[in-house]
Amino acid sequence: LRITLRDASGFGIYELAASGSPKELFYLPYPDADLWIHSAVLSQDGRKVYYCLQNGTILCDSLDEGTTEAVYSSTVVGGRESVPKELSPGSGERIYFTDLGFRDIGMIDGKEISWMWEKSSLDQADFLEQEIFEAVNGERALTGCSRYSAYVIREGKPVALTTLELSITAMAASMISKIALGIICVLALYYLLYFVRIFFQRSKLLARVIFVLCLAVGIMGVLFVHTALPKYKALMLTELENRIGDVGYLVAQRIPSDHLLALDSVKDYRNEDYLAVKERVDEMFFSGNGLSDFYCVIYTVREDVITVNYCSKDNCGARYPYDWRFEGSDEQEIMETGRGKIFTNRSSFEGSYSFSLSPIFGEEGEVVGLAEVGVNARQFEEDVNRLTADLMISILVITVVTVLLIIQIFRLSQNKGKEEDE
């Protein structure tokens, strides 16, 4: 397994071993590599490094000769702009790359560029039906992954991989682990009932008092879980939605629409217009306003393609097209009505998020883009569950302490009774 690590001074490719620290295969100095380098790979022979920049250029460095050349640069075909992203080495000197703009997989073989299919023959309807490949692997069989499925490329056509069969060993191991877990649970319940029976037989009065106390605590816990806890979560969720909506509205009002509309090419990354949009967003989220747990994405819609022009992580470039359907979507409704919407716990392959979509208006009052502001819904759920767990643990501790106090008081009263009888 190989990974690419980037920092402000350069980037490198490292090989992860089963044990020990990552092995550095190479390191290349490059100013602001953490911003500019999207992906990088070594050729199969290990003599060349290919890396894709956020402005749509793929460069090749010869480690032997110390030279650098551009082997591919973003182009426009049939009104569609190329947006290369992920790289993968193939056999020989071949390098494969995903292209988000062409919704295709390209191949670099020396100085020759070829594609899986001919893009100019696709009309707009057929083009919008295609999925975007997010990742590609050409080391053995040529495979690719979209947001929705995994594919193997055979004779220039993607064939979806819909099933994954487990080996007999894996299925047997899974079955054995489930049986062992069931046996452990049965034994634990048996011994718990055994000790409870012995306790009741030795001290009936004390056992009854403790039983009533535990029963009361259990009933309170059930009532809390089914009544108070849902109301508490609903209150927290309402507060989160209000906060997301307010922040999203403020961000949308601050985006300079003229600079946003000027971001119409992948080559605009970190130009004057890009930095103008970035500055307004950074002022909201990175100026000590208590919004560090929020994220922000700025969209425009170009030829019915939803396109990211800026994100707060600064890792999408100036043009990152999605293959979400615009027609009939929430984005289309907001663009047409000019009214924002709030979404709670929406899931995608990137995770679960709660966010708002707010319209960005142009100088003449028309909607020119969308501002998405949100938080990680899973993190929010974990925070609420952590607070709930802390509360339940506190109740359990108080119950245990109370039981111990009752036992101690009961024993003291028994000892005092014995002393009086003597």
# chains A, B, ... in the order shown; residues from 1 in each chain; ligands from 1
>>> residues_around(residues="Phe343 (chain A)", least_positions_apart="3", cutoff="10 Å", atoms="only C-alpha atoms", output="compact mmCIF listing (two decimals) with C-alpha atoms, in the first residue's frame")
# COMPACT_ATOMS: atom_id res chain seq x y z
CA GLU A 241 -30.04 23.74 12.55
CA ILE A 244 -26.15 26.24 10.50
CA GLY A 245 -28.85 28.31 8.80
CA ARG A 346 -27.66 13.48 4.97
CA TYR A 353 -23.50 15.75 7.43
CA SER A 354 -26.04 18.30 8.58
CA PHE A 355 -25.85 21.42 6.43
CA SER A 356 -27.65 24.37 4.89
CA LEU A 357 -27.75 25.44 1.25
CA GLY A 374 -22.50 22.36 7.76
>>> select_by_dssp(residues="region 4-248 of chain A", states="alpha helix (DSSP H)", output="PyMOL selection string")
chain A and resi 33-36+124-129+168-202+204-223+229-248
>>> residues_around(residues="Val281 (chain A)", least_positions_apart="6", cutoff="8 Å", atoms="only C-alpha atoms", output="VMD selection string")
chain A and resid 251 254 to 255 296 312
>>> atom_distance(atom1="CA of Leu63 (chain A)", atom2="CA of Ile13 (chain A)")
13.3 Å
>>> select_by_dssp(residues="region 154-385 of chain A", states="strand (DSSP E or B)", output="JSON, numbers by chain")
{"A": [154, 157, 158, 159, 160, 161, 295, 296, 297, 298, 299, 300, 301, 302, 305, 306, 307, 308, 309, 310, 311, 320, 321, 341, 342, 343, 344, 345, 346, 347, 348, 351, 352, 353, 354, 355, 356, 357, 358, 359, 360, 361, 367, 368, 369, 370, 371, 372, 373, 374, 375, 376]}
>>> write_last_selection(atoms="C-alpha atoms", output="compact mmCIF listing (two decimals), in the first residue's frame")
# COMPACT_ATOMS: atom_id res chain seq x y z
CA ARG A 154 -13.10 -4.43 -20.28
CA LYS A 157 -16.40 -0.42 -21.37
CA PRO A 158 -17.02 -0.24 -17.60
CA VAL A 159 -18.61 -3.38 -16.11
CA ALA A 160 -20.09 -2.87 -12.63
CA LEU A 161 -18.89 -5.13 -9.82
CA TYR A 295 -17.09 23.37 6.77
CA CYS A 296 -18.01 25.48 3.74
CA VAL A 297 -18.38 24.64 0.04
CA ILE A 298 -19.21 27.15 -2.72
CA TYR A 299 -21.07 25.84 -5.79
CA THR A 300 -22.08 27.12 -9.18
CA VAL A 301 -24.10 25.31 -11.87
CA ARG A 302 -22.54 25.26 -15.33
CA VAL A 305 -23.44 20.33 -13.88
CA ILE A 306 -23.11 21.13 -10.18
CA THR A 307 -19.54 22.36 -9.73
CA VAL A 308 -17.49 23.15 -6.63
CA ASN A 309 -15.49 26.36 -7.06
CA TYR A 310 -14.13 26.61 -3.52
CA CYS A 311 -14.15 24.60 -0.29
CA TYR A 320 -14.59 20.22 -9.23
CA PRO A 321 -17.67 18.92 -11.10
CA LYS A 341 -32.90 24.93 2.83
CA ILE A 342 -31.52 23.00 5.80
CA PHE A 343 -30.74 19.28 5.64
CA THR A 344 -30.21 17.03 8.64
CA ASN A 345 -28.05 13.90 8.73
CA ARG A 346 -27.66 13.48 4.97
CA SER A 347 -25.36 10.57 4.04
CA SER A 348 -23.01 10.13 1.10
CA GLY A 351 -19.92 10.59 5.42
CA SER A 352 -23.01 11.99 7.15
CA TYR A 353 -23.50 15.75 7.43
CA SER A 354 -26.04 18.30 8.58
CA PHE A 355 -25.85 21.42 6.43
CA SER A 356 -27.65 24.37 4.89
CA LEU A 357 -27.75 25.44 1.25
CA SER A 358 -28.07 29.21 0.86
CA PRO A 359 -28.41 31.10 -2.44
CA ILE A 360 -25.69 33.52 -3.52
CA PHE A 361 -27.19 36.50 -5.33
CA VAL A 367 -29.06 33.48 -7.98
CA VAL A 368 -25.53 32.77 -9.25
CA GLY A 369 -24.38 30.11 -6.82
CA LEU A 370 -24.92 28.20 -3.59
CA ALA A 371 -23.12 28.23 -0.25
CA GLU A 372 -23.14 24.95 1.68
CA VAL A 373 -22.29 25.28 5.37
CA GLY A 374 -22.50 22.36 7.76
CA VAL A 375 -20.97 20.05 10.34
CA ASN A 376 -20.15 16.38 10.56
>>> closest_atom_pairs(of="region 123-155 of chain A", to="region 99-113 of chain A", cutoff="7 Å", atoms="only C-alpha atoms", output="Markdown table")
| residue | atom | partner | partner_atom | distance |
| --- | --- | --- | --- | --- |
| A:Gln130 | CA | A:Arg103 | CA | 6.8 |
| A:Glu131 | CA | A:Arg103 | CA | 6.5 |
| A:Ile132 | CA | A:Arg103 | CA | 4.7 |
| A:Phe133 | CA | A:Arg103 | CA | 6.6 |
>>> write_last_selection(atoms="N, CA and C atoms", output="PDB file, in the first residue's frame")
ATOM      1  N   GLN A 130     -23.574   9.750 -17.598  1.00  0.00           N
ATOM      2  CA  GLN A 130     -22.354   9.048 -17.209  1.00  0.00           C
ATOM      3  C   GLN A 130     -21.970   9.369 -15.765  1.00  0.00           C
ATOM      4  N   GLU A 131     -21.387   8.384 -15.099  1.00  0.00           N
ATOM      5  CA  GLU A 131     -20.867   8.600 -13.757  1.00  0.00           C
ATOM      6  C   GLU A 131     -19.432   9.111 -13.837  1.00  0.00           C
ATOM      7  N   ILE A 132     -19.016   9.825 -12.807  1.00  0.00           N
ATOM      8  CA  ILE A 132     -17.650  10.317 -12.721  1.00  0.00           C
ATOM      9  C   ILE A 132     -16.805   9.314 -11.945  1.00  0.00           C
ATOM     10  N   PHE A 133     -15.692   8.909 -12.522  1.00  0.00           N
ATOM     11  CA  PHE A 133     -14.766   8.025 -11.819  1.00  0.00           C
ATOM     12  C   PHE A 133     -13.955   8.848 -10.828  1.00  0.00           C
TER      13      PHE A 133
END
>>> residues_around(residues="Ser91 (chain A)", least_positions_apart="4", cutoff="9 Å", atoms="only C-alpha atoms", output="PyMOL selection string")
chain A and resi 43-44+95+138-140
